[in-house]
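**Q** Handing you this structure, nothing more for now.
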Amino acid sequence: MKKLVLLIAFVLPMLFGAFAQVEDVDAQLFGSRRNTKQYNVHDFGTISEIVKHDFIIKNSSVTPITVVEIKAPEGFEVIIAENTIKPQSVSTFTVVIDPEKVNIEGDFEQIITVVTQYEDALGLKTKEINYTVKGKF
């Protein structure tokens, strides 16, 4: 009976830990689990001149990720620091809005999509993550 209790006490936590790690590794491709509304959204407020904001891309995985495409609305410029992000490192991309190049009046909320690729045991994978910029002209 004592051996059974020890076995359960040892094996049960290991099973839950193993499942949690698999889920967390996938979720941490762009950083730990986080509320995307908090970290992936930036409100510029009222825009009357050129404005910039840096977003962070965090690679917490064990393989490099490559940014293969950034989809941005017309008139929104996106500058990426690095196309390939090493494992366990961070990169940034900057969103630049020039009110003279954007054909929007009043309030706006636009999506910028970052498309990445990485390789795992099953092959090449593609992942998209959305960032939101909003404000008022």
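In the structure tokens, chains take letters A, B, ... by order of appearance, with residues numbered from 1 within each chain and ligands from 1 in the order shown.
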I'd like the neighbourhood of region 43-45 of chain A as JSON, numbers by chain, where a residue qualifies if any of its atoms comes within 9 Å (using only C-alpha atoms), though same-chain residues fewer than 3 positions away should be ignored.
**A** {"A": [51, 52, 53, 109, 132, 133, 134, 135, 136, 137]}
**Q** Running DSSP on the backbone, which parts of region 22-136 of chain A land in strand (DSSP E), as a VMD selection string?
**A** chain A and resid 41 to 46 51 to 59 65 to 71 76 to 80 84 to 85 89 to 97 107 to 120 123 to 136
**Q** Have a look at CA of Lys71 (chain A) and CA of Val114 (chain A) and let me know their distance in Å, one decimal.
**A**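 Between these atoms lies a distance of 6.5 Å.
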**Q** Name all residues at most 12 Å from Ile57 (chain A) (count only C-alpha atoms; drop same-chain ones fewer than 2 positions away) and give them as a VMD selection string.
**A** chain A and resid 28 to 32 39 to 40 54 to 55 59 to 61 65 to 67 80 to 94 114 to 116 128 to 131
**Q** Go ahead and save the residues from that selection, with C-alpha atoms, as a compact mmCIF listing (two decimals), in the first residue's frame.
**A**
```txt
# COMPACT_ATOMS: atom_id res chain seq x y z
CA GLN A 28 4.81 30.28 -25.97
CA LEU A 29 5.78 30.59 -29.62
CA PHE A 30 5.24 34.34 -29.27
CA GLY A 31 5.72 34.47 -25.50
CA SER A 32 3.96 33.02 -22.53
CA TYR A 39 -0.12 43.21 -25.31
CA ASN A 40 -1.05 43.07 -28.99
CA ASP A 54 7.17 48.87 -31.29
CA PHE A 55 5.51 45.48 -30.89
CA ASN A 59 10.30 33.14 -29.48
CA SER A 60 10.20 30.90 -26.41
CA SER A 61 10.49 27.72 -28.45
CA ILE A 65 10.98 31.19 -36.31
CA THR A 66 11.02 33.16 -39.54
CA VAL A 67 8.73 36.08 -40.32
CA ILE A 80 10.89 44.53 -38.76
CA ALA A 81 14.17 44.28 -36.85
CA GLU A 82 14.94 40.66 -37.83
CA ASN A 83 13.23 38.19 -40.14
CA THR A 84 14.61 35.19 -38.25
CA ILE A 85 14.16 35.08 -34.49
CA LYS A 86 16.47 32.73 -32.64
CA PRO A 87 15.14 30.34 -30.00
CA GLN A 88 14.63 31.91 -26.57
CA SER A 89 15.02 35.45 -27.92
CA VAL A 90 12.97 38.54 -28.69
CA SER A 91 12.59 40.74 -31.75
CA THR A 92 10.48 43.76 -32.53
CA PHE A 93 8.63 45.33 -35.39
CA THR A 94 7.68 48.96 -35.62
CA VAL A 114 2.47 38.71 -38.78
CA VAL A 115 2.89 35.37 -40.57
CA THR A 116 5.70 33.14 -39.32
CA GLU A 128 -0.36 33.96 -37.79
CA ILE A 129 -0.74 36.44 -34.98
CA ASN A 130 -2.75 39.64 -35.15
CA TYR A 131 -1.80 42.99 -33.70
```
**Q** So, with only C-alpha atoms as the atoms that count, which of A:Ile56, A:Val41, A:Thr46, A:Val62 lies closest to Tyr118 (chain A)?
**A**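 Between A:Ile56, A:Val41, A:Thr46, A:Val62, the residue approaching Tyr118 (chain A) most closely is A:Val62.
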**Q** Find the spatial neighbours of Glu77 (chain A), counting only C-alpha atoms, within a cut-off of 7 Å - ignore same-chain residues fewer than 3 positions away - and output them as an MDAnalysis selection string.
**A** chainID A and resid 95:97
**Q** Skipping near chain neighbours, those fewer than 2 positions away, what residues fall within 8 Å of Pro99 (chain A) using only C-alpha atoms, listed as a ChimeraX atom specification?
**A** /A:47-50,97,101-103,137
**Q** Generate a file of the selected residues that holds C-alpha atoms, formatted as a PDB file, in the first residue's frame.
**A**
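File result_6.pdb, as written:
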```pdb
ATOM      1  CA  ILE A  47      -2.803  61.401 -34.524  1.00  0.00           C
ATOM      2  CA  SER A  48      -1.699  64.724 -36.006  1.00  0.00           C
ATOM      3  CA  GLU A  49       1.888  63.841 -36.964  1.00  0.00           C
ATOM      4  CA  ILE A  50       3.946  60.732 -37.764  1.00  0.00           C
ATOM      5  CA  ILE A  97       1.624  55.835 -39.269  1.00  0.00           C
ATOM      6  CA  LYS A 101      -0.350  58.692 -46.294  1.00  0.00           C
ATOM      7  CA  VAL A 102      -3.464  57.179 -44.704  1.00  0.00           C
ATOM      8  CA  ASN A 103      -6.865  57.772 -46.265  1.00  0.00           C
ATOM      9  CA  PHE A 137      -7.293  61.233 -37.232  1.00  0.00           C
TER      10      PHE A 137
END
```
